[in-house]
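Asks: Got a structure for you, my_file-v8.txt, holding compact mmCIF, N, CA and C atoms.
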```
# COMPACT_ATOMS: atom_id res chain seq x y z
N MET A 1 271.12 4.57 102.25
CA MET A 1 270.33 5.68 102.67
C MET A 1 269.87 6.45 101.46
N GLN A 2 268.69 7.05 101.63
CA GLN A 2 268.09 7.77 100.51
C GLN A 2 268.68 9.16 100.43
N GLN A 3 268.94 9.62 99.19
CA GLN A 3 269.51 10.96 98.99
C GLN A 3 268.41 12.01 99.11
N PRO A 4 268.75 13.16 99.70
CA PRO A 4 267.74 14.23 99.82
C PRO A 4 267.35 14.77 98.44
N LEU A 5 266.13 15.27 98.32
CA LEU A 5 265.67 15.82 97.05
C LEU A 5 266.40 17.11 96.68
N ILE A 6 266.80 17.86 97.63
CA ILE A 6 267.51 19.11 97.37
C ILE A 6 268.97 18.93 97.70
N ASN A 7 269.80 19.25 96.74
CA ASN A 7 271.23 19.15 96.93
C ASN A 7 271.72 20.45 97.54
N LYS A 8 272.08 20.43 98.79
CA LYS A 8 272.50 21.64 99.49
C LYS A 8 273.85 22.15 99.02
N SER A 9 274.64 21.31 98.43
CA SER A 9 275.97 21.75 98.00
C SER A 9 275.90 22.56 96.71
N ALA A 10 274.81 22.46 95.94
CA ALA A 10 274.70 23.19 94.69
C ALA A 10 273.68 24.32 94.82
N SER A 11 273.76 25.09 95.85
CA SER A 11 272.81 26.18 96.05
C SER A 11 273.15 27.36 95.14
N ILE A 12 272.11 28.14 94.80
CA ILE A 12 272.27 29.30 93.93
C ILE A 12 272.80 30.46 94.77
N SER A 13 273.90 31.02 94.36
CA SER A 13 274.49 32.09 95.15
C SER A 13 274.25 33.46 94.53
N GLY A 14 273.64 33.57 93.35
CA GLY A 14 273.38 34.86 92.72
C GLY A 14 272.32 34.73 91.64
N ILE A 15 271.78 35.87 91.21
CA ILE A 15 270.77 35.89 90.15
C ILE A 15 271.38 36.57 88.93
N ASN A 16 271.20 35.96 87.78
CA ASN A 16 271.69 36.53 86.54
C ASN A 16 270.70 37.61 86.10
N VAL A 17 271.12 38.88 86.12
CA VAL A 17 270.24 40.00 85.80
C VAL A 17 270.30 40.41 84.34
N THR A 18 271.16 39.80 83.55
CA THR A 18 271.29 40.18 82.14
C THR A 18 269.98 40.03 81.37
N PRO A 19 269.25 38.95 81.49
CA PRO A 19 267.97 38.87 80.77
C PRO A 19 266.95 39.93 81.20
N ILE A 20 266.95 40.25 82.49
CA ILE A 20 266.03 41.27 82.98
C ILE A 20 266.37 42.63 82.37
N ILE A 21 267.63 42.95 82.31
CA ILE A 21 268.07 44.22 81.72
C ILE A 21 267.74 44.26 80.24
N ASP A 22 267.94 43.16 79.53
CA ASP A 22 267.61 43.09 78.11
C ASP A 22 266.13 43.37 77.86
N VAL A 23 265.29 42.75 78.65
CA VAL A 23 263.84 42.95 78.50
C VAL A 23 263.47 44.40 78.82
N ALA A 24 264.06 44.96 79.86
CA ALA A 24 263.77 46.34 80.23
C ALA A 24 264.19 47.31 79.12
N LEU A 25 265.35 47.11 78.54
CA LEU A 25 265.81 47.98 77.45
C LEU A 25 264.94 47.87 76.21
N VAL A 26 264.48 46.69 75.90
CA VAL A 26 263.57 46.51 74.76
C VAL A 26 262.27 47.27 75.01
N LEU A 27 261.74 47.19 76.23
CA LEU A 27 260.51 47.92 76.56
C LEU A 27 260.71 49.43 76.47
N VAL A 28 261.85 49.92 76.93
CA VAL A 28 262.15 51.36 76.84
C VAL A 28 262.21 51.79 75.38
N ILE A 29 262.86 51.02 74.53
CA ILE A 29 262.96 51.35 73.11
C ILE A 29 261.58 51.35 72.46
N ILE A 30 260.75 50.40 72.79
CA ILE A 30 259.40 50.36 72.24
C ILE A 30 258.61 51.59 72.68
N LEU A 31 258.72 51.98 73.94
CA LEU A 31 258.02 53.17 74.42
C LEU A 31 258.55 54.44 73.74
N LEU A 32 259.86 54.54 73.55
CA LEU A 32 260.42 55.71 72.89
C LEU A 32 259.95 55.85 71.45
N ILE A 33 259.73 54.73 70.78
CA ILE A 33 259.30 54.77 69.39
C ILE A 33 257.80 55.05 69.29
N THR A 34 257.00 54.48 70.16
CA THR A 34 255.54 54.61 70.03
C THR A 34 254.97 55.86 70.67
N THR A 35 255.63 56.47 71.64
CA THR A 35 255.09 57.65 72.32
C THR A 35 254.85 58.83 71.37
N PRO A 36 255.80 59.22 70.52
CA PRO A 36 255.52 60.35 69.62
C PRO A 36 254.35 60.08 68.67
N VAL A 37 254.18 58.86 68.25
CA VAL A 37 253.09 58.52 67.35
C VAL A 37 251.76 58.61 68.08
N MET A 38 251.74 58.28 69.35
CA MET A 38 250.50 58.29 70.11
C MET A 38 250.07 59.70 70.52
N THR A 39 250.98 60.67 70.55
CA THR A 39 250.64 62.02 70.98
C THR A 39 250.07 62.87 69.86
N ILE A 40 250.15 62.46 68.61
CA ILE A 40 249.65 63.22 67.48
C ILE A 40 248.29 62.66 67.09
N SER A 41 247.32 63.56 66.93
CA SER A 41 245.97 63.15 66.57
C SER A 41 245.91 62.70 65.12
N ASP A 42 244.93 61.87 64.80
CA ASP A 42 244.74 61.38 63.44
C ASP A 42 243.90 62.32 62.59
N LEU A 43 243.51 63.48 63.13
CA LEU A 43 242.69 64.40 62.37
C LEU A 43 243.49 64.98 61.21
N ASP A 44 242.84 65.10 60.06
CA ASP A 44 243.49 65.66 58.88
C ASP A 44 243.34 67.18 58.92
N ILE A 45 244.45 67.89 59.12
CA ILE A 45 244.41 69.34 59.20
C ILE A 45 245.43 69.94 58.26
N ASP A 46 245.22 71.20 57.90
CA ASP A 46 246.14 71.94 57.06
C ASP A 46 246.75 73.04 57.92
N LEU A 47 247.97 72.85 58.39
CA LEU A 47 248.61 73.81 59.27
C LEU A 47 248.97 75.08 58.51
N PRO A 48 248.81 76.25 59.14
CA PRO A 48 249.17 77.50 58.46
C PRO A 48 250.68 77.64 58.37
N GLU A 49 251.11 78.39 57.37
CA GLU A 49 252.54 78.65 57.22
C GLU A 49 252.90 79.90 58.01
N ALA A 50 254.10 79.93 58.55
CA ALA A 50 254.57 81.08 59.29
C ALA A 50 255.32 82.01 58.34
N HIS A 51 254.99 83.27 58.42
CA HIS A 51 255.66 84.28 57.60
C HIS A 51 256.43 85.20 58.54
N THR A 52 257.68 84.92 58.74
CA THR A 52 258.45 85.68 59.71
C THR A 52 259.07 86.93 59.12
N ARG A 53 259.31 86.97 57.83
CA ARG A 53 259.94 88.13 57.22
C ARG A 53 258.98 88.92 56.34
N GLY A 54 257.69 88.60 56.38
CA GLY A 54 256.73 89.23 55.50
C GLY A 54 256.36 90.66 55.88
N ALA A 55 256.71 91.12 57.06
CA ALA A 55 256.29 92.44 57.52
C ALA A 55 257.26 93.53 57.10
N GLU A 56 258.23 93.26 56.27
CA GLU A 56 259.23 94.25 55.93
C GLU A 56 258.82 95.18 54.79
N GLY A 57 257.68 94.92 54.19
CA GLY A 57 257.23 95.78 53.11
C GLY A 57 256.80 97.14 53.63
N SER A 58 256.54 98.07 52.71
CA SER A 58 256.16 99.42 53.12
C SER A 58 254.67 99.55 53.36
N ASN A 59 253.88 98.56 52.96
CA ASN A 59 252.44 98.62 53.09
C ASN A 59 252.00 98.03 54.42
N ARG A 60 252.31 98.76 55.50
CA ARG A 60 251.96 98.28 56.84
C ARG A 60 251.61 99.46 57.74
N LEU A 61 250.96 99.14 58.81
CA LEU A 61 250.52 100.12 59.79
C LEU A 61 250.88 99.58 61.17
N ASN A 62 251.65 100.34 61.93
CA ASN A 62 252.12 99.89 63.24
C ASN A 62 251.29 100.54 64.34
N ILE A 63 250.75 99.71 65.21
CA ILE A 63 250.07 100.19 66.41
C ILE A 63 250.96 99.81 67.59
N THR A 64 251.41 100.79 68.36
CA THR A 64 252.31 100.54 69.47
C THR A 64 251.60 100.86 70.77
N LEU A 65 251.66 99.93 71.72
CA LEU A 65 251.05 100.10 73.03
C LEU A 65 252.13 99.99 74.09
N ALA A 66 252.35 101.08 74.82
CA ALA A 66 253.39 101.12 75.84
C ALA A 66 252.83 100.62 77.17
N GLU A 67 253.73 100.26 78.07
CA GLU A 67 253.32 99.78 79.39
C GLU A 67 252.57 100.86 80.16
N SER A 68 252.93 102.11 79.92
CA SER A 68 252.28 103.22 80.61
C SER A 68 250.88 103.49 80.09
N GLY A 69 250.49 102.84 79.01
CA GLY A 69 249.16 103.04 78.45
C GLY A 69 249.17 103.92 77.21
N GLY A 70 250.34 104.48 76.87
CA GLY A 70 250.45 105.31 75.68
C GLY A 70 250.21 104.49 74.42
N LEU A 71 249.57 105.11 73.43
CA LEU A 71 249.20 104.42 72.20
C LEU A 71 249.62 105.28 71.02
N SER A 72 250.21 104.64 70.01
CA SER A 72 250.57 105.38 68.81
C SER A 72 250.22 104.57 67.57
N LEU A 73 249.90 105.30 66.52
CA LEU A 73 249.60 104.72 65.22
C LEU A 73 250.71 105.21 64.30
N ASP A 74 251.57 104.30 63.88
CA ASP A 74 252.85 104.63 63.24
C ASP A 74 253.61 105.56 64.18
N ARG A 75 253.87 106.79 63.81
CA ARG A 75 254.62 107.70 64.69
C ARG A 75 253.72 108.73 65.38
N GLU A 76 252.43 108.64 65.17
CA GLU A 76 251.48 109.60 65.71
C GLU A 76 250.89 109.10 67.01
N LEU A 77 251.06 109.88 68.11
CA LEU A 77 250.47 109.53 69.39
C LEU A 77 248.97 109.82 69.34
N ILE A 78 248.17 108.86 69.79
CA ILE A 78 246.72 109.03 69.79
C ILE A 78 246.16 108.59 71.13
N LEU A 79 244.94 109.03 71.40
CA LEU A 79 244.24 108.59 72.59
C LEU A 79 243.59 107.23 72.31
N PRO A 80 243.49 106.38 73.31
CA PRO A 80 242.89 105.05 73.08
C PRO A 80 241.46 105.12 72.54
N GLU A 81 240.70 106.11 72.95
CA GLU A 81 239.32 106.22 72.46
C GLU A 81 239.25 106.70 71.00
N ASP A 82 240.35 107.28 70.49
CA ASP A 82 240.39 107.72 69.09
C ASP A 82 240.87 106.63 68.14
N LEU A 83 241.32 105.51 68.68
CA LEU A 83 241.88 104.45 67.84
C LEU A 83 240.90 103.90 66.81
N PRO A 84 239.66 103.56 67.16
CA PRO A 84 238.77 102.99 66.13
C PRO A 84 238.53 103.93 64.94
N ALA A 85 238.27 105.20 65.22
CA ALA A 85 238.01 106.14 64.13
C ALA A 85 239.26 106.40 63.30
N THR A 86 240.40 106.53 63.93
CA THR A 86 241.65 106.78 63.21
C THR A 86 242.02 105.57 62.35
N LEU A 87 241.86 104.38 62.90
CA LEU A 87 242.14 103.16 62.14
C LEU A 87 241.21 103.03 60.94
N LYS A 88 239.93 103.29 61.16
CA LYS A 88 238.96 103.18 60.07
C LYS A 88 239.30 104.15 58.95
N ALA A 89 239.71 105.36 59.31
CA ALA A 89 240.08 106.36 58.30
C ALA A 89 241.32 105.92 57.53
N ARG A 90 242.32 105.39 58.24
CA ARG A 90 243.56 104.96 57.57
C ARG A 90 243.32 103.72 56.70
N LEU A 91 242.45 102.81 57.16
CA LEU A 91 242.20 101.58 56.42
C LEU A 91 241.26 101.79 55.23
N SER A 92 240.50 102.88 55.23
CA SER A 92 239.59 103.13 54.11
C SER A 92 240.26 103.96 53.00
N ALA A 93 241.49 104.37 53.19
CA ALA A 93 242.21 105.13 52.15
C ALA A 93 242.43 104.23 50.94
N GLU A 94 242.62 104.84 49.77
CA GLU A 94 242.74 104.09 48.52
C GLU A 94 243.98 103.20 48.49
N ASP A 95 245.08 103.66 49.05
CA ASP A 95 246.33 102.90 48.99
C ASP A 95 246.45 101.88 50.11
N SER A 96 245.38 101.65 50.87
CA SER A 96 245.47 100.75 52.02
C SER A 96 245.01 99.33 51.70
N GLU A 97 244.89 99.00 50.44
CA GLU A 97 244.49 97.64 50.09
C GLU A 97 245.60 96.66 50.50
N ASP A 98 245.21 95.58 51.16
CA ASP A 98 246.14 94.56 51.63
C ASP A 98 247.15 95.13 52.63
N LEU A 99 246.69 96.07 53.45
CA LEU A 99 247.53 96.69 54.47
C LEU A 99 247.71 95.73 55.64
N LEU A 100 248.95 95.56 56.09
CA LEU A 100 249.26 94.70 57.23
C LEU A 100 249.29 95.56 58.48
N VAL A 101 248.46 95.23 59.46
CA VAL A 101 248.41 95.96 60.73
C VAL A 101 249.23 95.17 61.74
N ILE A 102 250.29 95.81 62.24
CA ILE A 102 251.19 95.15 63.18
C ILE A 102 250.99 95.76 64.56
N VAL A 103 250.69 94.93 65.54
CA VAL A 103 250.51 95.39 66.91
C VAL A 103 251.81 95.15 67.66
N ARG A 104 252.39 96.24 68.15
CA ARG A 104 253.62 96.17 68.94
C ARG A 104 253.26 96.55 70.37
N ALA A 105 253.32 95.61 71.28
CA ALA A 105 252.95 95.86 72.67
C ALA A 105 254.12 95.52 73.58
N ASP A 106 254.23 96.26 74.65
CA ASP A 106 255.24 95.99 75.66
C ASP A 106 255.01 94.60 76.25
N GLY A 107 256.08 93.95 76.65
CA GLY A 107 255.97 92.59 77.19
C GLY A 107 255.18 92.50 78.48
N ASN A 108 255.00 93.61 79.17
CA ASN A 108 254.26 93.60 80.43
C ASN A 108 252.78 93.93 80.24
N ILE A 109 252.35 94.16 79.02
CA ILE A 109 250.95 94.44 78.73
C ILE A 109 250.16 93.13 78.83
N THR A 110 248.95 93.21 79.34
CA THR A 110 248.13 92.01 79.48
C THR A 110 247.64 91.52 78.12
N HIS A 111 247.31 90.25 78.08
CA HIS A 111 246.80 89.65 76.85
C HIS A 111 245.48 90.29 76.44
N ASP A 112 244.66 90.64 77.42
CA ASP A 112 243.37 91.26 77.13
C ASP A 112 243.53 92.59 76.40
N ALA A 113 244.54 93.38 76.78
CA ALA A 113 244.75 94.67 76.13
C ALA A 113 245.17 94.48 74.67
N VAL A 114 246.04 93.53 74.42
CA VAL A 114 246.47 93.24 73.05
C VAL A 114 245.30 92.69 72.24
N GLN A 115 244.51 91.81 72.84
CA GLN A 115 243.34 91.26 72.14
C GLN A 115 242.35 92.36 71.81
N GLY A 116 242.21 93.35 72.71
CA GLY A 116 241.31 94.48 72.45
C GLY A 116 241.77 95.30 71.26
N ILE A 117 243.08 95.51 71.13
CA ILE A 117 243.63 96.25 69.98
C ILE A 117 243.39 95.45 68.70
N LEU A 118 243.61 94.15 68.75
CA LEU A 118 243.38 93.31 67.56
C LEU A 118 241.91 93.32 67.16
N ASP A 119 241.00 93.25 68.13
CA ASP A 119 239.58 93.29 67.84
C ASP A 119 239.18 94.64 67.23
N THR A 120 239.73 95.71 67.77
CA THR A 120 239.44 97.04 67.23
C THR A 120 239.91 97.16 65.79
N ALA A 121 241.11 96.64 65.51
CA ALA A 121 241.64 96.69 64.15
C ALA A 121 240.78 95.86 63.20
N ARG A 122 240.34 94.71 63.65
CA ARG A 122 239.49 93.85 62.82
C ARG A 122 238.15 94.54 62.53
N GLN A 123 237.57 95.18 63.55
CA GLN A 123 236.30 95.88 63.36
C GLN A 123 236.45 97.11 62.48
N ALA A 124 237.64 97.70 62.44
CA ALA A 124 237.89 98.87 61.60
C ALA A 124 238.11 98.48 60.14
N GLY A 125 238.24 97.17 59.87
CA GLY A 125 238.37 96.71 58.50
C GLY A 125 239.70 96.09 58.14
N ALA A 126 240.57 95.85 59.11
CA ALA A 126 241.87 95.23 58.83
C ALA A 126 241.67 93.75 58.51
N SER A 127 242.26 93.32 57.41
CA SER A 127 242.14 91.91 57.04
C SER A 127 243.41 91.13 57.34
N ARG A 128 244.52 91.84 57.48
CA ARG A 128 245.79 91.17 57.81
C ARG A 128 246.32 91.76 59.11
N LEU A 129 246.48 90.91 60.12
CA LEU A 129 246.96 91.33 61.43
C LEU A 129 248.20 90.54 61.83
N ALA A 130 249.08 91.18 62.56
CA ALA A 130 250.29 90.51 63.06
C ALA A 130 250.63 91.08 64.43
N ILE A 131 251.32 90.29 65.22
CA ILE A 131 251.83 90.74 66.51
C ILE A 131 253.35 90.72 66.43
N ALA A 132 253.97 91.85 66.72
CA ALA A 132 255.42 91.96 66.64
C ALA A 132 256.06 91.30 67.86
N THR A 133 257.11 90.55 67.63
CA THR A 133 257.88 89.92 68.70
C THR A 133 259.36 90.09 68.41
N THR A 134 260.17 89.80 69.38
CA THR A 134 261.61 89.78 69.18
C THR A 134 262.10 88.36 69.34
N MET A 135 263.20 88.06 68.71
CA MET A 135 263.79 86.74 68.82
C MET A 135 264.49 86.62 70.17
N SER A 136 264.27 85.51 70.85
CA SER A 136 264.92 85.31 72.14
C SER A 136 266.42 85.15 71.95
N ARG A 137 267.15 85.43 72.98
CA ARG A 137 268.61 85.32 72.90
C ARG A 137 269.05 83.90 72.61
N LYS A 138 268.33 82.94 73.15
CA LYS A 138 268.67 81.53 72.93
C LYS A 138 268.52 81.19 71.45
N GLU A 139 267.41 81.64 70.81
CA GLU A 139 267.22 81.38 69.39
C GLU A 139 268.24 82.12 68.54
N ALA A 140 268.58 83.35 68.95
CA ALA A 140 269.53 84.15 68.19
C ALA A 140 270.91 83.50 68.19
N THR A 141 271.34 82.97 69.32
CA THR A 141 272.66 82.32 69.35
C THR A 141 272.63 80.99 68.64
N TRP A 142 271.46 80.33 68.62
CA TRP A 142 271.36 79.04 67.95
C TRP A 142 271.42 79.20 66.45
N LYS A 143 270.88 80.29 65.89
CA LYS A 143 270.81 80.47 64.44
C LYS A 143 272.12 80.97 63.84
N ARG A 144 273.06 81.36 64.64
CA ARG A 144 274.32 81.90 64.09
C ARG A 144 275.16 80.85 63.47
```
What would you get if you wrote out this structure as C-alpha cells?
Replies:
Amino acid sequence: MQQPLINKSASISGINVTPIIDVALVLVIILLITTPVMTISDLDIDLPEAHTRGAEGSNRLNITLAESGGLSLDRELILPEDLPATLKARLSAEDSEDLLVIVRADGNITHDAVQGILDTARQAGASRLAIATTMSRKEATWKR
C-alpha cells in the first residue's frame, strides 16, 4: 500500500516564537535609534545662549504687572498710560546705557498684556529685554 504524503503522527503542536521576538526587538532598536535623528531638521542654525544669572547686576529696570492691573516701574507705582513716557525718560538718561528691562508679571496675566509691555519698552528705546520667572519646584529639587 502507498504511504500518505502527510505523516499524521509528526504533526506540529506549537510555533517557535523566538525568531519573531528577535526580529521585533531588532526593529524596535532601529526605531529608537533613528527617531531622534529624524525629528531634528538639517537647517544650519545658531541657537541663542541662555543667560539665567545675568540679571543680577545693578543696571536694570523692573516693570511689575499685578493681576489686579497695578503697574510699577522699579518701586514707583504708575498708571498704565504713563508707562511709555516714564520708560522713555528713564531709558534716555545718561547712565541707562545697556540697561536691562525686566518684565515681572503675575502668572495669571494674559500673554497679550505681557507682550504689550514688551512692545512699549522696545518702542521707548530698550535694547535688552527679559521676562522674570521662578524656578519650578521640580527643577529646584532636581538641582540640589
Asks: Between A:Ala113, A:Leu100, A:Ile131, A:Ile33, single out the one closest to Leu71 in chain A, counting only C-alpha atoms.
Replies: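 That would be A:Ala113, the residue with the smallest distance to Leu71 in chain A.
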Asks: Expressed in Å to a single decimal, how great is the separation between CA of Ala126 in chain A and atom N of Lys88 in chain A?
Replies: 8.6 Å
Asks: Considering only C-alpha atoms, state which residue in the set A:Gly125, A:Gly107, A:Thr18, A:Asn62 is at the smallest distance from Asp74 in chain A.
Replies: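 Among the listed residues, the smallest separation from Asp74 in chain A belongs to A:Asn62.
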Asks: Report, in Å to a single decimal, how far apart atom N of Thr134 in chain A and atom N of Val114 in chain A are.
Replies: 15.5 Å
Asks: Give me, as an MDAnalysis selection string, all polymer residues having an atom no more than 8 Å from Leu61 in chain A, counting all atoms listed in the file and skipping those fewer than 4 positions away in the same chain.
Replies: chainID A and resid 73:74 99:104
Asks: Could you tell me how far CA of Thr120 in chain A lies from CA of Asp82 in chain A, in Å and to one decimal?
Replies: 10.9 Å
Asks: Find, counting only C-alpha atoms, the residue in A:Ser13, A:Thr64, A:Asn59, A:Thr110 that gets nearest to Arg90 in chain A.
Replies: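 Answer, going by the shortest atom-to-atom distance: A:Asn59.
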Asks: Box along x, y and z, 8 Å on every side, all listed atoms of range 98-108 of chain A inside: centre and edge lengths in Å to one decimal, as JSON.
Replies:
```
{"center_x": 250.6, "center_y": 94.6, "center_z": 65.8, "size_x": 26.9, "size_y": 20.2, "size_z": 45.3}
```
Asks: Of the residues A:Leu27, A:Ala121, A:Ala66, A:Ile109, which is the one nearest to Thr86 in chain A, using only C-alpha atoms?
Replies: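 Of A:Leu27, A:Ala121, A:Ala66, A:Ile109, the one nearest Thr86 in chain A, counting only C-alpha atoms, is A:Ala121.
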Asks: For Ser127 in chain A, which residue out of A:Leu83, A:Val17, A:Leu91, A:Leu32 is the nearest one, using only C-alpha atoms?
Replies: A:Leu91
Asks: Return the single residue from A:Ile30, A:Ala124, A:Leu65, A:Val37 that is closest to Pro84 in chain A, with distances computed using only N, CA and C atoms.
Replies: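 Looking only at the distances to Pro84 in chain A, the closest residue turns out to be A:Ala124.
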Asks: Which parts of range 99-130 of chain A does DSSP call strand (DSSP E or B) when run on the backbone here, written out as a VMD selection string?
Replies: chain A and resid 100 to 105 128 to 130
